[in-house]
Protein chains: 2
Amino acid sequence: MRLGRIGYINCYPVYGAIDRNVVAAPGELVTGTPAELNDLLVAGELDVSVISAVEYARHARDLVLLPELAISCDGPVRSVMLLSRRTVGQLDGRTVLLTASSRTSVALLELLCREVWKIRPRFAEARAEASDLDHLAKLPHDAVLVIGDPALLLAARGAYPEVVDLGDAWKRWTGLPFVFAVWAAQRAADPGAVQRAHQALLASRAWGLAHLDDLAAAAARATGIAVPACREYLAGLDYALTYKHLAGLTDFFRRLAADGIVPDGSLQFLHVA
Amino acid sequence: MRLGRIGYINCYPVYGAIDRNVVAAPGELVTGTPAELNDLLVAGELDVSVISAVEYARHARDLVLLPELAISCDGPVRSVMLLSRRTVGQLDGRTVLLTASSRTSVALLELLCREVWKIRPRFAEARAEASDLDHLAKLPHDAVLVIGDPALLLAARGAYPEVVDLGDAWKRWTGLPFVFAVWAAQRAADPGAVQRAHQALLASRAWGLAHLDDLAAAAARATGIAVPACREYLAGLDYALTYKHLAGLTDFFRRLAADGIVPDGSLQFLHVA
């Protein structure tokens, strides 16, 4: 079986023990950007993967959710940032670059623009991984949406006076946590293998949450961001999928479905014995 | 005024003289991937830019075409390649990675799959610039669509037994040249500035076509591909937009419009005195 893995440090608490062979890998690991993994899971090239929330909603018929596991925040997330040269109210008709690597954060930003800030920026997709940041700086824009490690790096540069944390914006709007990503399996995948992958991920997360200092040190080496900042970032993320997270997730889906962006549907979980 | 520029070597014959100050730059140059420049032109951040043919068709109401200038081929193009582990006939239901940097070549590939090869692969978008090639190799796939310099580099690795040149495939199908990109101006841009940019681009192209040896040497330095291969590649591309190119372009648009992919429309050219 093939298991999708995002290389960003936000996934270290879930994959760290698997990466270190503390927990046996349940299959071959495939590392990609969120957008790449989304498409590969839907294409059937991955059996289980972390997947953007909105892409899960688009393809829910072909997928089953893995219980208890997600990437969420209940307030600021720090790594999904709108960095802007103007206040959000001044972005009407202005150009906002959107990371090409994400789907959920783009959908969330569009929702916030439409429903909360009442602005209609002009959106342009751009490459915005860590190696692209110098290039990105040269593209004309008023604001940029970045996620993951590049968001942490770009925010640290302090080049934009206005910084909007999308997790925080969602919390202020709805009072709910925001679920950026879930783990899902192909409906056609072997159920036993999926169960084993799910157990391995939960075991790996348990180890990871107990070893955040080690993971923060590794994250600092990978990104160049100081250890305490990495520690604080990882500790601020939430990897559970409880009723409160599901309330945030389904409220997001409800709003997207009302705008015709995803089909209306229901959550389908893997049956865990 | 801001002028969009693709960094790929296929644009050297048009921008080479401007880059070398042989022809004065008509404004500020902005370098991006084709996908980035498309969006920035449509967003109004660029006044004039090279733009993917299909994105011109999608936004023709807001744009005017610059006469006499395009990136075309009449047969093999060499830098828009489907590299595959199977013959195209065997790709039905298999995974094809699509470069995230292009729109027109993706639309052409989808058309060829549907109309000519009668196959329905599963498509997944992936990052496929030169710096992504090692990462790309690790993603599960049966075939990959790459364009520009990364296509030249990846084809040179010889890792895929089947190599389909999309320019050649189009030519065999329709007997026509294929126009990958055109130059367009925002309809709202200052007409005088656009005229000057058009003249500068034509003058730069005239110099470029007369200095292909110099440009091939620069292309070899930029990519690591041998000078004769760069020379042959640049000489095989066509930068004109004559009736025969327009026949190929409008035939492509006609087929896309029939499938509802672009609106039906007509070409609108900049009025040149």
# chains A, B, ... in the order shown; residues from 1 in each chain; ligands from 1
$ closest_atom_pairs --of "chain A" --to "chain B" --cutoff "7 Å" --atoms "only C-alpha atoms" --output "tab-separated table"
residue	atom	partner	partner_atom	distance
A:Val30	CA	B:Leu139	CA	6.5
A:Glu36	CA	B:Ala126	CA	5.4
A:Asp39	CA	B:Ala124	CA	4.8
A:Leu40	CA	B:Ala124	CA	6.0
A:Ala43	CA	B:Arg122	CA	5.5
A:Glu45	CA	B:Pro140	CA	6.2
A:Thr95	CA	B:Ala43	CA	6.5
A:Arg122	CA	B:Ala43	CA	5.5
A:Phe123	CA	B:Ala43	CA	6.9
A:Ala124	CA	B:Asp39	CA	4.8
A:Glu125	CA	B:Glu36	CA	6.0
A:Ala126	CA	B:Glu36	CA	5.4
A:Leu139	CA	B:Val30	CA	6.5
A:Pro140	CA	B:Glu45	CA	6.3
$ select_by_dssp --residues "range 140-184 of chain A" --states "strand (DSSP E or B)" --output "VMD selection string"
chain A and resid 143 to 147 162 to 165 178 to 184
$ closest_residue --among "B:Ala156, B:Val163, B:Ala60, B:Ala107" --to "Val88 in chain B" --atoms "only C-alpha atoms"
B:Val163
$ closest_residue --among "A:Leu212, A:Ala197, A:Ile225, A:Ala70" --to "Met1 in chain A" --atoms "only C-alpha atoms"
A:Ala197
$ select_by_dssp --residues "range 18-209 of chain A" --states "helix (DSSP H, G or I)" --output "MDAnalysis selection string"
chainID A and resid 18:19 34:43 53:58 60:62 88:91 104:117 130:138 148:157 166:174 191:209
$ atom_distance --atom1 "CA of Leu154 in chain B" --atom2 "CA of Ser102 in chain B"
16.1 Å
$ atom_distance --atom1 "CA of Asn21 in chain B" --atom2 "CA of Ile6 in chain B"
17.5 Å
$ closest_residue --among "A:Arg157, A:Arg196, A:Arg85, A:Arg120" --to "Val144 in chain A" --atoms "only C-alpha atoms"
A:Arg85
$ residues_around --residues "Val227 in chain A" --least-positions-apart "6" --cutoff "10 Å" --atoms "only C-alpha atoms" --output "PDB file with N, CA and C atoms, in the first residue's frame"
ATOM      1  N   ASP A 213       9.679  18.088  21.416  1.00  0.00           N
ATOM      2  CA  ASP A 213      10.995  18.742  21.460  1.00  0.00           C
ATOM      3  C   ASP A 213      11.907  18.200  20.362  1.00  0.00           C
ATOM      4  N   ASP A 214      11.934  16.873  20.223  1.00  0.00           N
ATOM      5  CA  ASP A 214      12.740  16.264  19.165  1.00  0.00           C
ATOM      6  C   ASP A 214      12.270  16.745  17.786  1.00  0.00           C
ATOM      7  N   LEU A 215      10.955  16.761  17.606  1.00  0.00           N
ATOM      8  CA  LEU A 215      10.401  17.129  16.301  1.00  0.00           C
ATOM      9  C   LEU A 215      10.653  18.598  15.999  1.00  0.00           C
ATOM     10  N   ALA A 216      10.577  19.443  17.035  1.00  0.00           N
ATOM     11  CA  ALA A 216      10.848  20.871  16.828  1.00  0.00           C
ATOM     12  C   ALA A 216      12.303  21.081  16.430  1.00  0.00           C
ATOM     13  N   ALA A 217      13.202  20.295  17.016  1.00  0.00           N
ATOM     14  CA  ALA A 217      14.619  20.414  16.645  1.00  0.00           C
ATOM     15  C   ALA A 217      14.810  20.013  15.178  1.00  0.00           C
ATOM     16  N   ALA A 218      14.148  18.929  14.764  1.00  0.00           N
ATOM     17  CA  ALA A 218      14.241  18.497  13.367  1.00  0.00           C
ATOM     18  C   ALA A 218      13.616  19.536  12.437  1.00  0.00           C
ATOM     19  N   ALA A 219      12.507  20.119  12.876  1.00  0.00           N
ATOM     20  CA  ALA A 219      11.832  21.139  12.065  1.00  0.00           C
ATOM     21  C   ALA A 219      12.718  22.371  11.897  1.00  0.00           C
ATOM     22  N   ALA A 220      13.425  22.719  12.950  1.00  0.00           N
ATOM     23  CA  ALA A 220      14.329  23.878  12.892  1.00  0.00           C
ATOM     24  C   ALA A 220      15.468  23.607  11.896  1.00  0.00           C
ATOM     25  N   ARG A 221      16.008  22.380  11.931  1.00  0.00           N
ATOM     26  CA  ARG A 221      17.068  22.025  10.974  1.00  0.00           C
ATOM     27  C   ARG A 221      16.543  22.071   9.541  1.00  0.00           C
ATOM     28  N   TYR A 233       4.894  26.463  17.280  1.00  0.00           N
ATOM     29  CA  TYR A 233       4.041  26.219  16.119  1.00  0.00           C
ATOM     30  C   TYR A 233       3.430  24.820  16.190  1.00  0.00           C
TER      31      TYR A 233
END
$ residues_around --residues "Arg20 in chain B" --least-positions-apart "2" --cutoff "12 Å" --atoms "only C-alpha atoms" --output "compact mmCIF listing (two decimals) with N, CA, C and O atoms, in the first residue's frame"
# COMPACT_ATOMS: atom_id res chain seq x y z
N TYR B 12 13.90 33.08 -25.54
CA TYR B 12 15.13 33.84 -25.83
C TYR B 12 15.07 34.56 -27.17
O TYR B 12 15.49 35.71 -27.27
N PRO B 13 14.58 33.90 -28.24
CA PRO B 13 14.57 34.61 -29.52
C PRO B 13 13.67 35.86 -29.53
O PRO B 13 13.83 36.72 -30.39
N VAL B 14 12.75 35.96 -28.61
CA VAL B 14 11.89 37.15 -28.59
C VAL B 14 12.42 38.19 -27.59
O VAL B 14 12.35 39.40 -27.84
N TYR B 15 12.98 37.75 -26.48
CA TYR B 15 13.41 38.69 -25.43
C TYR B 15 14.92 38.91 -25.39
O TYR B 15 15.39 39.78 -24.65
N GLY B 16 15.67 38.11 -26.16
CA GLY B 16 17.13 38.16 -26.06
C GLY B 16 17.70 39.55 -26.28
O GLY B 16 18.57 40.00 -25.52
N ALA B 17 17.23 40.25 -27.29
CA ALA B 17 17.77 41.59 -27.59
C ALA B 17 17.36 42.59 -26.52
O ALA B 17 18.12 43.52 -26.19
N ILE B 18 16.17 42.40 -25.95
CA ILE B 18 15.73 43.28 -24.85
C ILE B 18 16.59 42.99 -23.61
O ILE B 18 17.06 43.90 -22.94
N VAL B 22 20.05 45.51 -26.51
CA VAL B 22 20.18 45.82 -27.94
C VAL B 22 18.93 46.56 -28.39
O VAL B 22 18.97 47.49 -29.19
N VAL B 23 17.82 46.12 -27.86
CA VAL B 23 16.54 46.83 -28.05
C VAL B 23 16.13 47.33 -26.66
O VAL B 23 16.18 46.57 -25.68
N ALA B 24 15.73 48.58 -26.59
CA ALA B 24 15.36 49.14 -25.29
C ALA B 24 14.12 48.44 -24.73
O ALA B 24 13.15 48.23 -25.47
N ALA B 25 14.16 48.09 -23.46
CA ALA B 25 12.99 47.47 -22.83
C ALA B 25 11.84 48.48 -22.84
O ALA B 25 12.03 49.64 -22.47
N SER B 204 13.10 43.00 -31.31
CA SER B 204 13.91 42.06 -30.54
C SER B 204 13.91 40.69 -31.21
O SER B 204 14.94 40.01 -31.27
N TRP B 207 16.27 40.64 -34.20
CA TRP B 207 17.65 40.46 -33.75
C TRP B 207 17.87 39.02 -33.31
O TRP B 207 18.86 38.39 -33.67
N GLY B 208 16.93 38.49 -32.54
CA GLY B 208 17.07 37.14 -32.00
C GLY B 208 17.21 36.09 -33.09
O GLY B 208 18.09 35.22 -33.02
N HIS B 211 20.51 35.94 -34.48
CA HIS B 211 21.59 35.62 -33.53
C HIS B 211 21.31 34.33 -32.77
O HIS B 211 21.56 34.24 -31.56
N ASP B 214 24.27 32.83 -30.72
CA ASP B 214 24.49 33.45 -29.40
C ASP B 214 23.45 32.95 -28.39
O ASP B 214 23.77 32.63 -27.24
N LEU B 215 22.20 32.92 -28.85
CA LEU B 215 21.11 32.54 -27.94
C LEU B 215 21.21 31.07 -27.55
O LEU B 215 20.94 30.70 -26.40
N ALA B 218 23.76 30.78 -24.85
CA ALA B 218 23.19 31.21 -23.56
C ALA B 218 22.21 30.16 -23.03
O ALA B 218 22.19 29.88 -21.83
$ residues_around --residues "Gly89 in chain A" --least-positions-apart "4" --cutoff "10 Å" --atoms "only C-alpha atoms" --output "PyMOL selection string"
chain A and resi 113+117-120
$ write_last_selection --atoms "all heavy atoms" --output "tab-separated table (two decimals), in the first residue's frame"
chain	number	residue	atom	x	y	z
A	113	CYS	N	-13.26	36.45	1.92
A	113	CYS	CA	-13.37	37.66	1.09
A	113	CYS	C	-14.84	37.98	0.79
A	113	CYS	O	-15.28	39.11	0.91
A	113	CYS	CB	-12.61	37.49	-0.23
A	113	CYS	SG	-10.83	37.55	-0.02
A	117	TRP	N	-15.27	39.89	4.58
A	117	TRP	CA	-14.62	41.16	4.27
A	117	TRP	C	-15.32	41.92	3.14
A	117	TRP	O	-15.01	43.08	2.91
A	117	TRP	CB	-13.14	40.90	3.91
A	117	TRP	CG	-12.38	40.20	5.00
A	117	TRP	CD1	-12.59	40.32	6.34
A	117	TRP	CD2	-11.33	39.25	4.84
A	117	TRP	NE1	-11.71	39.51	7.04
A	117	TRP	CE2	-10.92	38.84	6.14
A	117	TRP	CE3	-10.65	38.70	3.75
A	117	TRP	CZ2	-9.89	37.92	6.36
A	117	TRP	CZ3	-9.64	37.78	3.97
A	117	TRP	CH2	-9.28	37.39	5.27
A	118	LYS	N	-16.22	41.25	2.43
A	118	LYS	CA	-17.00	41.87	1.33
A	118	LYS	C	-16.09	42.54	0.30
A	118	LYS	O	-16.28	43.71	-0.06
A	118	LYS	CB	-17.99	42.90	1.88
A	118	LYS	CG	-18.80	42.44	3.09
A	118	LYS	CD	-19.88	41.45	2.71
A	118	LYS	CE	-20.75	41.11	3.94
A	118	LYS	NZ	-21.63	39.95	3.66
A	119	ILE	N	-15.10	41.80	-0.11
A	119	ILE	CA	-14.19	42.32	-1.14
A	119	ILE	C	-14.08	41.30	-2.26
A	119	ILE	O	-14.33	40.11	-2.08
A	119	ILE	CB	-12.77	42.60	-0.58
A	119	ILE	CG1	-12.20	41.33	0.10
A	119	ILE	CG2	-12.79	43.77	0.40
A	119	ILE	CD1	-10.74	41.44	0.47
A	120	ARG	N	-13.72	41.79	-3.43
A	120	ARG	CA	-13.51	40.91	-4.58
A	120	ARG	C	-12.13	41.15	-5.17
A	120	ARG	O	-11.98	41.89	-6.14
A	120	ARG	CB	-14.59	41.16	-5.64
A	120	ARG	CG	-15.98	40.81	-5.13
A	120	ARG	CD	-17.04	41.11	-6.16
A	120	ARG	NE	-16.91	40.25	-7.32
A	120	ARG	CZ	-17.80	40.19	-8.29
A	120	ARG	NH1	-18.88	40.96	-8.26
A	120	ARG	NH2	-17.62	39.38	-9.31
$ atom_distance --atom1 "CA of Leu108 in chain A" --atom2 "CA of Thr87 in chain A"
17.6 Å
$ residues_around --residues "Gly236 in chain A" --least-positions-apart "4" --cutoff "9 Å" --atoms "only C-alpha atoms" --output "ChimeraX atom specification"
/A:73-78,231-232
$ write_last_selection --atoms "C-alpha atoms" --output "JSON list (two decimals), in the first residue's frame"
[["chain", "number", "residue", "atom", "x", "y", "z"],
["A", 73, "CYS", "CA", -6.47, 24.70, 14.67],
["A", 74, "ASP", "CA", -8.76, 26.42, 17.11],
["A", 75, "GLY", "CA", -7.60, 29.97, 16.59],
["A", 76, "PRO", "CA", -4.32, 30.99, 14.94],
["A", 77, "VAL", "CA", -2.63, 28.35, 12.78],
["A", 78, "ARG", "CA", 0.51, 30.38, 11.91],
["A", 231, "ARG", "CA", 8.07, 24.12, 19.13],
["A", 232, "GLU", "CA", 5.39, 26.72, 19.64]]
$ residues_around --residues "Tyr243 in chain B" --least-positions-apart "6" --cutoff "12 Å" --atoms "only C-alpha atoms" --output "list of chain:residue names"
B:Pro67, B:Glu68, B:Leu69, B:Leu176, B:Pro177, B:Val179, B:Leu249, B:Thr250, B:Asp251
$ write_last_selection --atoms "N, CA and C atoms" --output "PDB file, in the first residue's frame"
ATOM      1  N   PRO B  67      -0.303  41.455 -33.167  1.00  0.00           N
ATOM      2  CA  PRO B  67      -0.136  40.796 -34.466  1.00  0.00           C
ATOM      3  C   PRO B  67       1.272  40.239 -34.652  1.00  0.00           C
ATOM      4  N   GLU B  68       1.370  39.237 -35.498  1.00  0.00           N
ATOM      5  CA  GLU B  68       2.643  38.755 -36.049  1.00  0.00           C
ATOM      6  C   GLU B  68       3.531  38.002 -35.067  1.00  0.00           C
ATOM      7  N   LEU B  69       3.073  37.771 -33.849  1.00  0.00           N
ATOM      8  CA  LEU B  69       3.966  37.231 -32.827  1.00  0.00           C
ATOM      9  C   LEU B  69       3.287  36.079 -32.084  1.00  0.00           C
ATOM     10  N   LEU B 176      -2.132  20.890 -39.292  1.00  0.00           N
ATOM     11  CA  LEU B 176      -1.937  22.327 -39.066  1.00  0.00           C
ATOM     12  C   LEU B 176      -0.799  22.590 -38.084  1.00  0.00           C
ATOM     13  N   PRO B 177      -0.259  23.799 -38.123  1.00  0.00           N
ATOM     14  CA  PRO B 177       0.675  24.199 -37.056  1.00  0.00           C
ATOM     15  C   PRO B 177      -0.088  24.317 -35.730  1.00  0.00           C
ATOM     16  N   VAL B 179      -0.263  26.581 -32.205  1.00  0.00           N
ATOM     17  CA  VAL B 179       0.166  27.820 -31.538  1.00  0.00           C
ATOM     18  C   VAL B 179       0.023  27.618 -30.030  1.00  0.00           C
ATOM     19  N   LEU B 249      -4.552  27.838 -34.788  1.00  0.00           N
ATOM     20  CA  LEU B 249      -5.050  28.391 -33.517  1.00  0.00           C
ATOM     21  C   LEU B 249      -6.574  28.339 -33.462  1.00  0.00           C
ATOM     22  N   THR B 250      -7.224  28.785 -34.522  1.00  0.00           N
ATOM     23  CA  THR B 250      -8.691  28.832 -34.488  1.00  0.00           C
ATOM     24  C   THR B 250      -9.288  27.424 -34.563  1.00  0.00           C
ATOM     25  N   ASP B 251      -8.586  26.489 -35.224  1.00  0.00           N
ATOM     26  CA  ASP B 251      -9.085  25.113 -35.232  1.00  0.00           C
ATOM     27  C   ASP B 251      -9.027  24.517 -33.817  1.00  0.00           C
TER      28      ASP B 251
END
